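Raw contents of coords38.cif, mmCIF, C-alpha atoms (C1' of nucleotides):
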data_structure
#
loop_
_atom_site.label_atom_id
_atom_site.label_comp_id
_atom_site.auth_asym_id
_atom_site.auth_seq_id
_atom_site.Cartn_x
_atom_site.Cartn_y
_atom_site.Cartn_z
CA MET A 1461 -21.15 -17.87 4.99
CA THR A 1462 -23.03 -16.17 2.14
CA LYS A 1463 -21.42 -15.72 -1.27
CA GLU A 1464 -21.00 -12.02 -0.52
CA GLU A 1465 -19.11 -12.83 2.68
CA LYS A 1466 -17.00 -15.45 0.93
CA ILE A 1467 -15.99 -12.89 -1.70
CA ILE A 1468 -15.06 -10.25 0.90
CA HIS A 1469 -13.14 -12.82 2.95
CA THR A 1470 -11.14 -14.03 -0.06
CA SER A 1471 -10.54 -10.46 -1.24
CA ILE A 1472 -8.94 -9.44 2.02
CA ARG A 1473 -6.56 -12.37 1.91
CA LEU A 1474 -5.59 -11.99 -1.75
CA PHE A 1475 -5.30 -8.20 -1.71
CA ASN A 1476 -2.91 -8.66 1.18
CA GLU A 1477 -0.83 -11.25 -0.62
CA ASN A 1478 -0.62 -9.55 -4.02
CA GLY A 1479 -1.70 -5.95 -3.56
CA PHE A 1480 -4.85 -4.36 -4.96
CA HIS A 1481 -4.06 -4.21 -8.65
CA GLY A 1482 -1.97 -7.34 -8.39
CA THR A 1483 -5.07 -9.36 -7.58
CA ALA A 1484 -7.39 -10.18 -10.49
CA THR A 1485 -11.13 -10.20 -9.82
CA SER A 1486 -11.27 -13.52 -11.67
CA LYS A 1487 -8.85 -15.00 -9.14
CA ILE A 1488 -10.91 -13.75 -6.22
CA ALA A 1489 -14.06 -15.27 -7.72
CA LYS A 1490 -12.32 -18.58 -8.35
CA GLU A 1491 -10.85 -18.88 -4.85
CA ALA A 1492 -14.11 -17.77 -3.27
CA GLY A 1493 -15.86 -20.55 -5.16
CA VAL A 1494 -18.22 -18.35 -7.18
CA ALA A 1495 -18.47 -17.50 -10.85
CA ASN A 1496 -16.80 -14.48 -12.36
CA GLY A 1497 -20.07 -12.70 -13.01
CA THR A 1498 -21.37 -13.33 -9.50
CA LEU A 1499 -18.67 -11.15 -8.02
CA PHE A 1500 -19.87 -8.24 -10.12
CA GLN A 1501 -23.46 -8.85 -9.06
CA TYR A 1502 -22.50 -8.05 -5.47
CA PHE A 1503 -19.75 -5.51 -6.19
CA PRO A 1504 -20.32 -3.59 -9.45
CA THR A 1505 -16.65 -2.56 -9.71
CA LYS A 1506 -13.37 -3.73 -8.29
CA GLU A 1507 -12.96 -0.45 -6.44
CA ASN A 1508 -16.32 -1.04 -4.84
CA LEU A 1509 -15.09 -4.41 -3.60
CA ILE A 1510 -11.92 -2.90 -2.15
CA LEU A 1511 -13.85 -0.23 -0.27
CA ALA A 1512 -16.41 -2.80 0.93
CA SER A 1513 -13.57 -4.99 2.25
CA PHE A 1514 -12.23 -2.06 4.23
CA ILE A 1515 -15.63 -1.11 5.64
CA SER A 1516 -16.31 -4.72 6.54
CA ILE A 1517 -13.15 -4.89 8.66
CA LYS A 1518 -13.86 -1.55 10.32
CA GLU A 1519 -17.36 -2.71 11.22
CA GLU A 1520 -16.01 -5.96 12.60
CA MET A 1521 -13.52 -4.11 14.80
CA LYS A 1522 -16.23 -1.74 15.97
CA GLN A 1523 -18.47 -4.66 16.95
CA HIS A 1524 -15.55 -6.36 18.70
CA LEU A 1525 -15.04 -3.25 20.82
CA LEU A 1526 -18.75 -2.81 21.53
CA ASN A 1527 -19.17 -6.44 22.53
CA ASN A 1528 -16.18 -6.60 24.84
CA LEU A 1529 -16.06 -3.15 26.40
CA SER A 1530 -17.45 -3.63 29.88
CA ASP A 1531 -18.97 -0.37 31.03
CA THR A 1532 -16.65 0.89 33.70
CA SER A 1533 -16.88 4.39 35.09
CA ASN A 1534 -13.09 4.48 35.45
CA THR A 1535 -11.75 6.49 32.52
CA LYS A 1536 -8.23 5.13 32.72
CA GLN A 1537 -9.48 1.53 32.70
CA LEU A 1538 -11.76 2.35 29.77
CA MET A 1539 -8.91 3.82 27.77
CA LYS A 1540 -6.76 0.83 28.58
CA ALA A 1541 -9.54 -1.52 27.51
CA HIS A 1542 -9.82 0.27 24.15
CA ILE A 1543 -6.14 -0.19 23.47
CA VAL A 1544 -5.87 -3.74 24.78
CA LEU A 1545 -8.93 -4.86 22.81
CA SER A 1546 -7.63 -3.25 19.63
CA LEU A 1547 -4.28 -4.95 20.07
CA THR A 1548 -5.60 -8.39 20.88
CA TRP A 1549 -7.95 -8.16 17.91
CA ALA A 1550 -4.99 -7.23 15.68
CA VAL A 1551 -2.91 -10.12 17.01
CA ASP A 1552 -5.80 -12.51 16.37
CA ASN A 1553 -6.53 -11.07 12.91
CA PRO A 1554 -3.15 -10.23 11.37
CA THR A 1555 -4.40 -10.47 7.79
CA LYS A 1556 -7.25 -8.04 8.39
CA PHE A 1557 -4.99 -5.70 10.32
CA ALA A 1558 -2.42 -5.76 7.51
CA PHE A 1559 -5.20 -5.01 5.04
CA LEU A 1560 -6.10 -1.89 7.02
CA GLN A 1561 -2.48 -0.75 6.89
CA GLN A 1562 -2.23 -1.33 3.16
CA PHE A 1563 -5.52 0.46 2.58
CA HIS A 1564 -4.50 3.43 4.72
CA SER A 1565 -1.37 4.05 2.68
CA SER A 1566 -3.10 3.57 -0.66
CA PRO A 1567 -4.90 6.01 -2.94
CA TYR A 1568 -8.19 4.21 -2.16
CA LEU A 1569 -8.29 5.88 1.25
CA TYR A 1570 -9.35 9.09 -0.45
CA LYS A 1571 -12.20 7.41 -2.31
CA LEU A 1572 -14.04 7.05 0.99
CA ASP A 1573 -16.23 9.73 2.47
CA SER A 1574 -14.05 11.35 5.13
CA ALA A 1575 -17.06 11.96 7.41
CA ARG A 1576 -17.77 8.24 7.41
CA LEU A 1577 -14.14 7.54 8.26
CA ALA A 1578 -14.20 10.09 11.07
CA GLU A 1579 -17.24 8.33 12.51
CA TYR A 1580 -15.09 5.33 13.43
CA ASN A 1581 -12.71 7.53 15.46
CA LYS A 1582 -15.36 9.33 17.46
CA PRO A 1583 -15.52 6.91 20.41
CA HIS A 1584 -11.75 7.14 20.78
CA LEU A 1585 -11.71 10.92 20.58
CA ARG A 1586 -14.53 11.15 23.11
CA ILE A 1587 -12.66 9.12 25.69
CA ILE A 1588 -9.49 11.14 25.19
CA GLN A 1589 -11.44 14.35 25.80
CA GLN A 1590 -12.95 12.77 28.90
CA ALA A 1591 -9.50 11.88 30.23
CA ILE A 1592 -8.34 15.45 29.65
CA ASP A 1593 -11.42 16.87 31.40
CA GLU A 1594 -10.76 14.64 34.39
CA LYS A 1595 -7.15 15.84 34.36
CA LEU A 1596 -5.90 12.27 33.99
CA ILE A 1597 -3.71 13.18 31.04
CA LYS A 1598 -1.95 16.32 29.78
CA PRO A 1599 -4.19 18.98 28.20
CA LEU A 1600 -2.72 18.55 24.71
CA SER A 1601 -4.65 18.66 21.47
CA VAL A 1602 -7.04 15.69 21.24
CA ASP A 1603 -5.89 15.07 17.67
CA LEU A 1604 -2.25 14.92 18.77
CA ILE A 1605 -3.02 12.48 21.57
CA TYR A 1606 -5.08 10.34 19.24
CA ALA A 1607 -2.26 10.27 16.69
CA LEU A 1608 0.23 9.29 19.39
CA ILE A 1609 -1.98 6.59 20.90
CA SER A 1610 -2.76 5.11 17.49
CA SER A 1611 0.83 4.96 16.43
CA HIS A 1612 1.97 3.68 19.83
CA THR A 1613 -0.56 0.87 19.53
CA TYR A 1614 0.61 0.12 16.02
CA GLY A 1615 4.27 0.11 17.09
CA LEU A 1616 3.47 -2.25 19.92
CA TYR A 1617 1.65 -4.53 17.48
CA GLN A 1618 4.67 -4.55 15.16
CA PHE A 1619 6.91 -5.56 18.04
CA ILE A 1620 4.59 -8.26 19.31
CA SER A 1621 3.96 -9.81 15.92
CA LEU A 1622 7.68 -9.91 15.12
CA GLN A 1623 8.56 -11.74 18.32
CA LYS A 1624 7.65 -15.39 18.68
CA HIS A 1625 5.82 -14.74 21.92
CA THR A 1626 3.50 -16.96 23.88
CA LYS A 1627 0.03 -15.62 24.66
CA LYS A 1628 1.21 -14.83 28.17
CA GLU A 1629 4.27 -12.92 27.00
CA GLN A 1630 2.09 -11.05 24.54
CA ALA A 1631 -0.23 -10.02 27.33
CA GLU A 1632 2.77 -8.82 29.35
CA SER A 1633 4.07 -6.75 26.43
CA ILE A 1634 0.65 -5.20 25.97
CA GLU A 1635 0.47 -4.40 29.67
CA LYS A 1636 3.96 -2.89 29.66
CA GLY A 1637 3.15 -0.95 26.48
CA PHE A 1638 0.11 0.62 28.07
CA GLU A 1639 2.07 1.63 31.16
CA LEU A 1640 4.63 3.37 28.99
CA LEU A 1641 1.93 5.17 27.03
CA TRP A 1642 0.20 6.27 30.22
CA LYS A 1643 3.44 7.57 31.66
CA MET A 1644 3.95 9.63 28.54
CA LEU A 1645 0.49 11.16 28.62
CA ASN A 1646 0.04 12.06 32.30
CA MET B 913 19.42 15.01 -13.58
CA THR B 914 20.27 11.85 -15.50
CA LYS B 915 17.57 9.84 -17.25
CA GLU B 916 17.86 7.19 -14.56
CA GLU B 917 17.23 9.80 -11.87
CA LYS B 918 14.34 11.28 -13.84
CA ILE B 919 12.72 7.85 -14.08
CA ILE B 920 13.09 7.17 -10.35
CA HIS B 921 11.81 10.64 -9.48
CA THR B 922 8.72 10.27 -11.68
CA SER B 923 8.13 6.73 -10.43
CA ILE B 924 7.95 7.82 -6.82
CA ARG B 925 5.39 10.49 -7.63
CA LEU B 926 3.20 8.30 -9.85
CA PHE B 927 3.38 5.20 -7.64
CA ASN B 928 2.17 7.42 -4.83
CA GLU B 929 -0.69 8.87 -6.83
CA ASN B 930 -1.96 5.64 -8.40
CA GLY B 931 -0.39 2.77 -6.50
CA PHE B 932 2.17 0.31 -7.84
CA HIS B 933 0.10 -1.71 -10.26
CA GLY B 934 -2.09 1.29 -11.00
CA THR B 935 0.86 3.03 -12.63
CA ALA B 936 1.84 1.88 -16.12
CA THR B 937 5.54 1.82 -16.99
CA SER B 938 4.62 3.60 -20.24
CA LYS B 939 3.15 6.47 -18.23
CA ILE B 940 6.27 6.74 -16.10
CA ALA B 941 8.45 6.84 -19.21
CA LYS B 942 6.24 9.47 -20.83
CA GLU B 943 6.17 11.78 -17.80
CA ALA B 944 9.88 11.32 -17.20
CA GLY B 945 10.47 12.43 -20.80
CA VAL B 946 12.15 9.24 -21.99
CA ALA B 947 11.13 6.55 -24.42
CA ASN B 948 9.37 3.40 -23.33
CA GLY B 949 12.36 1.21 -24.08
CA THR B 950 14.78 3.46 -22.20
CA LEU B 951 13.05 2.71 -18.91
CA PHE B 952 13.72 -1.00 -19.38
CA GLN B 953 17.35 -0.35 -20.20
CA TYR B 954 17.86 1.05 -16.71
CA PHE B 955 15.34 -1.15 -14.91
CA PRO B 956 14.88 -4.58 -16.52
CA THR B 957 11.52 -5.15 -14.83
CA LYS B 958 8.85 -3.03 -13.17
CA GLU B 959 9.53 -4.71 -9.85
CA ASN B 960 13.16 -3.75 -10.19
CA LEU B 961 12.10 -0.12 -10.63
CA ILE B 962 9.87 -0.24 -7.55
CA LEU B 963 12.65 -1.67 -5.39
CA ALA B 964 15.16 0.82 -6.80
CA SER B 965 12.81 3.69 -5.95
CA PHE B 966 12.62 2.47 -2.36
CA ILE B 967 16.37 2.04 -2.02
CA SER B 968 16.93 5.46 -3.55
CA ILE B 969 14.79 7.11 -0.87
CA LYS B 970 16.42 5.13 1.93
CA GLU B 971 19.86 6.18 0.70
CA GLU B 972 18.76 9.80 0.49
CA MET B 973 17.49 9.73 4.08
CA LYS B 974 20.68 8.06 5.23
CA GLN B 975 22.76 10.78 3.58
CA HIS B 976 20.54 13.46 5.07
CA LEU B 977 21.19 12.07 8.54
CA LEU B 978 24.92 11.66 7.96
CA ASN B 979 25.27 15.19 6.61
CA ASN B 980 23.36 16.90 9.38
CA LEU B 981 24.21 14.87 12.45
CA SER B 982 26.70 17.01 14.30
CA ASP B 983 28.90 14.77 16.39
CA THR B 984 27.89 15.40 19.95
CA SER B 985 28.99 13.17 22.77
CA ASN B 986 25.66 13.76 24.51
CA THR B 987 23.57 10.66 23.87
CA LYS B 988 20.25 12.32 24.58
CA GLN B 989 20.99 15.14 22.16
CA LEU B 990 22.09 12.63 19.54
CA MET B 991 18.89 10.66 19.89
CA LYS B 992 16.87 13.83 19.66
CA ALA B 993 18.77 14.88 16.55
CA HIS B 994 17.99 11.54 14.89
CA ILE B 995 14.30 11.99 15.48
CA VAL B 996 14.13 15.69 14.64
CA LEU B 997 16.09 15.20 11.41
CA SER B 998 13.90 12.29 10.34
CA LEU B 999 10.80 14.34 11.00
CA THR B 1000 11.94 17.50 9.26
CA TRP B 1001 13.04 15.43 6.27
CA ALA B 1002 9.59 13.79 6.18
CA VAL B 1003 7.85 17.16 6.39
CA ASP B 1004 10.02 18.47 3.55
CA ASN B 1005 9.57 15.32 1.44
CA PRO B 1006 5.99 14.20 1.96
CA THR B 1007 5.78 12.31 -1.33
CA LYS B 1008 8.89 10.29 -0.62
CA PHE B 1009 7.78 9.63 2.92
CA ALA B 1010 4.35 8.47 1.71
CA PHE B 1011 6.11 6.19 -0.77
CA LEU B 1012 8.01 4.55 2.09
CA GLN B 1013 4.75 3.94 3.93
CA GLN B 1014 3.09 2.46 0.88
CA PHE B 1015 6.09 0.25 0.21
CA HIS B 1016 6.26 -0.95 3.80
CA SER B 1017 2.68 -2.18 3.76
CA SER B 1018 2.99 -3.79 0.33
CA PRO B 1019 4.09 -7.26 -0.73
CA TYR B 1020 7.21 -5.72 -2.34
CA LEU B 1021 8.75 -5.29 1.11
CA TYR B 1022 9.45 -9.02 1.18
CA LYS B 1023 11.22 -8.96 -2.18
CA LEU B 1024 14.09 -7.09 -0.57
CA ASP B 1025 16.96 -8.77 1.20
CA SER B 1026 16.11 -8.43 4.88
CA ALA B 1027 19.77 -8.06 5.85
CA ARG B 1028 20.01 -5.03 3.57
CA LEU B 1029 16.91 -3.57 5.18
CA ALA B 1030 18.28 -4.19 8.67
CA GLU B 1031 21.44 -2.30 7.70
CA TYR B 1032 19.45 0.94 7.55
CA ASN B 1033 18.27 0.48 11.15
CA LYS B 1034 21.65 -0.27 12.67
CA PRO B 1035 22.62 3.32 13.54
CA HIS B 1036 19.32 3.77 15.35
CA LEU B 1037 19.63 0.50 17.24
CA ARG B 1038 23.19 1.36 18.25
CA ILE B 1039 22.20 4.65 19.78
CA ILE B 1040 19.30 3.06 21.66
CA GLN B 1041 21.68 0.51 23.14
CA GLN B 1042 24.05 3.33 24.07
CA ALA B 1043 21.25 5.20 25.87
CA ILE B 1044 20.37 2.05 27.79
CA ASP B 1045 24.01 1.45 28.74
CA GLU B 1046 24.27 5.01 30.04
CA LYS B 1047 21.06 4.40 32.02
CA LEU B 1048 19.36 7.31 30.26
CA ILE B 1049 16.35 5.20 29.32
CA LYS B 1050 14.63 2.10 30.70
CA PRO B 1051 16.41 -1.23 30.14
CA LEU B 1052 13.70 -2.58 27.81
CA SER B 1053 14.30 -4.64 24.68
CA VAL B 1054 16.10 -2.56 22.03
CA ASP B 1055 13.64 -3.83 19.41
CA LEU B 1056 10.69 -2.71 21.50
CA ILE B 1057 12.15 0.74 22.03
CA TYR B 1058 12.96 1.03 18.33
CA ALA B 1059 9.40 0.03 17.41
CA LEU B 1060 7.99 2.59 19.83
CA ILE B 1061 10.28 5.41 18.70
CA SER B 1062 9.59 4.72 15.03
CA SER B 1063 5.85 4.67 15.47
CA HIS B 1064 5.91 7.70 17.75
CA THR B 1065 7.83 9.61 15.10
CA TYR B 1066 5.38 8.47 12.46
CA GLY B 1067 2.39 9.47 14.58
CA LEU B 1068 3.90 12.88 15.17
CA TYR B 1069 4.42 13.25 11.41
CA GLN B 1070 0.79 12.34 10.77
CA PHE B 1071 -0.35 14.99 13.22
CA ILE B 1072 1.96 17.69 11.88
CA SER B 1073 1.11 17.07 8.24
CA LEU B 1074 -2.62 17.14 8.95
CA GLN B 1075 -2.48 20.51 10.70
CA LYS B 1076 -1.93 23.64 8.65
CA HIS B 1077 1.03 24.64 10.76
CA THR B 1078 3.66 27.31 10.21
CA LYS B 1079 7.29 26.20 10.25
CA LYS B 1080 7.59 27.58 13.78
CA GLU B 1081 4.54 25.69 15.05
CA GLN B 1082 5.87 22.56 13.39
CA ALA B 1083 9.15 22.94 15.21
CA GLU B 1084 7.27 23.37 18.49
CA SER B 1085 5.22 20.21 17.89
CA ILE B 1086 8.38 18.30 17.12
CA GLU B 1087 10.01 19.61 20.29
CA LYS B 1088 6.96 18.73 22.38
CA GLY B 1089 6.76 15.32 20.71
CA PHE B 1090 10.31 14.50 21.67
CA GLU B 1091 9.77 15.56 25.27
CA LEU B 1092 6.79 13.21 25.51
CA LEU B 1093 8.80 10.36 24.02
CA TRP B 1094 11.66 10.96 26.38
CA LYS B 1095 9.36 11.04 29.37
CA MET B 1096 7.97 7.68 28.31
CA LEU B 1097 11.38 6.07 27.93
CA ASN B 1098 13.23 7.24 31.03
"C1'" DT C 1213 35.57 12.45 -42.91
"C1'" DA C 1214 34.77 7.65 -41.85
"C1'" DT C 1215 33.90 4.16 -38.63
"C1'" DG C 1216 32.67 2.03 -34.32
"C1'" DT C 1217 30.09 1.92 -29.90
"C1'" DG C 1218 26.74 2.52 -26.65
"C1'" DA C 1219 22.52 5.02 -25.63
"C1'" DT C 1220 17.82 5.89 -27.21
"C1'" DT C 1221 13.71 5.24 -29.63
"C1'" DG C 1222 8.76 3.77 -30.27
"C1'" DA C 1223 6.04 0.55 -32.84
"C1'" DC C 1224 4.81 -3.92 -31.75
"C1'" DT C 1225 3.07 -8.31 -29.26
"C1'" DA C 1226 1.45 -11.76 -26.28
"C1'" DA C 1227 -0.81 -11.83 -22.18
"C1'" DT C 1228 -3.90 -10.22 -18.79
"C1'" DC C 1229 -7.84 -8.03 -16.87
"C1'" DA C 1230 -12.32 -5.51 -15.58
"C1'" DG C 1231 -16.61 -5.77 -16.71
"C1'" DT C 1232 -20.79 -7.60 -19.91
"C1'" DC C 1233 -24.50 -10.44 -21.19
"C1'" DA C 1234 -27.21 -14.17 -22.92
"C1'" DT C 1235 -28.47 -18.24 -20.78
"C1'" DA C 1236 -29.54 -21.37 -17.08
"C1'" DA C 1237 -30.48 -22.80 -12.48
"C1'" DA C 1238 -32.82 -22.08 -8.15
"C1'" DA C 1239 -36.24 -20.25 -5.32
"C1'" DG C 1240 -40.62 -18.34 -4.56
"C1'" DT C 1241 -45.66 -18.25 -5.39
"C1'" DA C 1242 -50.31 -19.64 -6.57
"C1'" DT D 58 -47.59 -28.37 -11.42
"C1'" DA D 59 -46.96 -23.96 -14.09
"C1'" DC D 60 -45.32 -19.56 -13.97
"C1'" DT D 61 -42.49 -15.62 -12.29
"C1'" DT D 62 -38.60 -13.66 -10.12
"C1'" DT D 63 -34.19 -13.79 -8.36
"C1'" DT D 64 -29.60 -15.46 -8.34
"C1'" DA D 65 -25.73 -17.51 -10.60
"C1'" DT D 66 -22.98 -18.77 -14.52
"C1'" DG D 67 -18.80 -18.52 -17.62
"C1'" DA D 68 -17.59 -17.55 -22.32
"C1'" DC D 69 -16.52 -13.37 -24.36
"C1'" DT D 70 -14.59 -8.53 -25.48
"C1'" DG D 71 -12.34 -4.20 -25.76
"C1'" DA D 72 -8.82 -2.07 -23.47
"C1'" DT D 73 -4.52 -2.01 -21.23
"C1'" DT D 74 0.12 -3.46 -20.06
"C1'" DA D 75 5.00 -5.27 -19.34
"C1'" DG D 76 8.53 -6.14 -21.93
"C1'" DT D 77 11.01 -6.76 -26.88
"C1'" DC D 78 13.71 -5.47 -30.71
"C1'" DA D 79 15.21 -3.69 -35.07
"C1'" DA D 80 16.34 0.75 -36.38
"C1'" DT D 81 18.28 5.30 -35.36
"C1'" DC D 82 20.98 8.67 -33.06
"C1'" DA D 83 24.94 11.00 -30.61
"C1'" DC D 84 29.37 11.14 -30.08
"C1'" DA D 85 34.06 9.62 -29.71
"C1'" DT D 86 38.37 8.42 -31.84
"C1'" DA D 87 41.56 8.00 -35.66
#
Just give me the structure as structure tokens.
Amino acid sequence: MTKEEKIIHTSIRLFNENGFHGTATSKIAKEAGVANGTLFQYFPTKENLILASFISIKEEMKQHLLNNLSDTSNTKQLMKAHIVLSLTWAVDNPTKFAFLQQFHSSPYLYKLDSARLAEYNKPHLRIIQQAIDEKLIKPLSVDLIYALISSHTYGLYQFISLQKHTKKEQAESIEKGFELLWKMLN
Amino acid sequence: MTKEEKIIHTSIRLFNENGFHGTATSKIAKEAGVANGTLFQYFPTKENLILASFISIKEEMKQHLLNNLSDTSNTKQLMKAHIVLSLTWAVDNPTKFAFLQQFHSSPYLYKLDSARLAEYNKPHLRIIQQAIDEKLIKPLSVDLIYALISSHTYGLYQFISLQKHTKKEQAESIEKGFELLWKMLN
DNA sequence: TATGTGATTGACTAATCAGTCATAAAAGTA
DNA sequence: TACTTTTATGACTGATTAGTCAATCACATA
């Protein structure tokens, strides 16, 4: 782990525990095991560090999807894989997932280039359009479907993480959750 | 508007604009038109003010539901009314709704008594149980259904507030959104 | 009018924090 | 080894902030 990675890693954890402004840069540096000034060598401002933490998580999620998405021609299976992979990643990385939530409902969201943000959604939007074209799901607005799928996935995550489930029960809830979603959309 | 109300009102707006720690108590006092010390007479600490702002919004929503929920014996209509009223309130009070989101994904959430928080959900859980008992919806876990309804409602809000919709189009989206939800659950 | 009471004020303070910078250590190069 | 460049350090600073408190005000009652 490089110093830069150690800083990002520690940031995510501390920002989650104490909020953005509630976490001092000096504390991040200390817990990451680097000097105060070193942090500012990699991230010139605190805001920069917050945005970099967010981007880092988004990139990690993106890679996780790319690495685990087997190329199936079946659109329904592909959509299901997107959702299941997102959910299992969230369950395995609760701190990072919570960071995303906190970031999304913070003023920092608007400091990011919206085009760059939109880039992360494109694969999801593309597959929704594909499902509509193949008449697998209702011909509603792609944006509406995306909003509903995202929030459904989030709601399912909330439920799963609140229950003290075994891995197997978690998988069953995810399966059931997808069935419900699919029933709603087709 | 009493000074206490003015402080809460200003807090909600500023906390939303600049985050919790990004908003100085002195700024809140100034914009609320009261002296610095007055704020601390009503709210002994900043955390106290943040929690009070949250509770104030929850109480307002609760009252909004109580005042507008016509007593129908039809469980489906009652459930629909819950969702539609929550959504129209959110659309009419975007700042307050955003505050709730920010609060929910912040460390302050855990400073509140969880029993008190649960109290606000009870009416919703009761009606879900009722719908299950009447075999209107699938016999899934009440907590799961609550999580799915909440997130569905939130997703629908996200979609509506992003579109530049007229009031009529908003109402149509809400109607459509409920139909989709109902299809999923029954 | 005089007196008592609670609300209101804002200057003040001790503490904290983001960011700087002169110096030093480490790594690279010849 | 001798020299250069890059990376890392941590003490320091100017600015900001939550919370205090002695003084003042508004208003009631007699």
Restricting the calculation to only C-alpha atoms, which member of A:Phe1480, A:Met1461, A:Ala1631, A:Glu1520 is positioned closest to Ser1565 (chain A)?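 Checking each candidate against Ser1565 (chain A), we get A:Phe1480 as the closest.
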What is the CA of Leu1596 (chain A)-CA of Leu1547 (chain A) distance in Å, reported with one decimal?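 Atom-to-atom, CA of Leu1596 (chain A) and CA of Leu1547 (chain A) are spaced 22.2 Å apart.
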Closest pair table for chain A residues within 6 Å of chain B, only C-alpha atoms, as a Markdown table:
| residue | atom | partner | partner_atom | distance |
| --- | --- | --- | --- | --- |
| A:His1481 | CA | B:His933 | CA | 5.1 |
| A:Gln1562 | CA | B:Ser1017 | CA | 5.0 |
| A:Ser1565 | CA | B:Gln1014 | CA | 5.1 |
| A:Leu1604 | CA | B:Phe1071 | CA | 5.9 |
| A:Ala1607 | CA | B:Gly1067 | CA | 5.2 |
| A:Leu1608 | CA | B:Gly1067 | CA | 5.3 |
| A:Ser1611 | CA | B:Gly1067 | CA | 5.1 |
| A:His1612 | CA | B:Ser1063 | CA | 5.9 |
| A:Gly1615 | CA | B:Ser1063 | CA | 5.1 |
| A:Phe1619 | CA | B:Leu1056 | CA | 5.9 |
| A:Leu1640 | CA | B:Met1096 | CA | 5.5 |
| A:Lys1643 | CA | B:Met1096 | CA | 5.6 |
| A:Met1644 | CA | B:Met1096 | CA | 4.5 |
Do you know which residues lie at most 12 Å from (-22.0, -7.7, -9.0), with coordinates as in the file and all atoms listed in the file counted, and could you write them as a list in words? Lys1463, Glu1464, Ile1467, Thr1485, Ala1489, Val1494, Ala1495, Asn1496, Gly1497, Thr1498, Leu1499, Phe1500, Gln1501, Tyr1502, Phe1503, Pro1504, Thr1505, Lys1506, Glu1507, Asn1508 and Leu1509 of chain A; DA1230, DG1231 and DT1232 of chain C; DT64 and DA65 of chain D
Find the residues of chain D in contact range of chain B, meaning any atom within 8 Å when counting only C-alpha atoms (C1' of nucleotides), and list them as JSON, numbers by chain. {"D": [74, 75, 76]}
Return the padded bounding box of region 1004-1011 of chain B as JSON: axis-aligned, built from all atoms listed in the file, 4 Å added on each side, with centre and edge lengths in Å to one decimal.
{"center_x": 7.2, "center_y": 12.3, "center_z": 1.1, "size_x": 13.7, "size_y": 20.3, "size_z": 12.9}
Counting all atoms listed in the file, what is within 12 Å of Ala1578 (chain A), bar same-chain residues fewer than 6 positions away, as a list in words? Lys1518, Leu1572, His1584, Leu1585 and Asp1603 of chain A
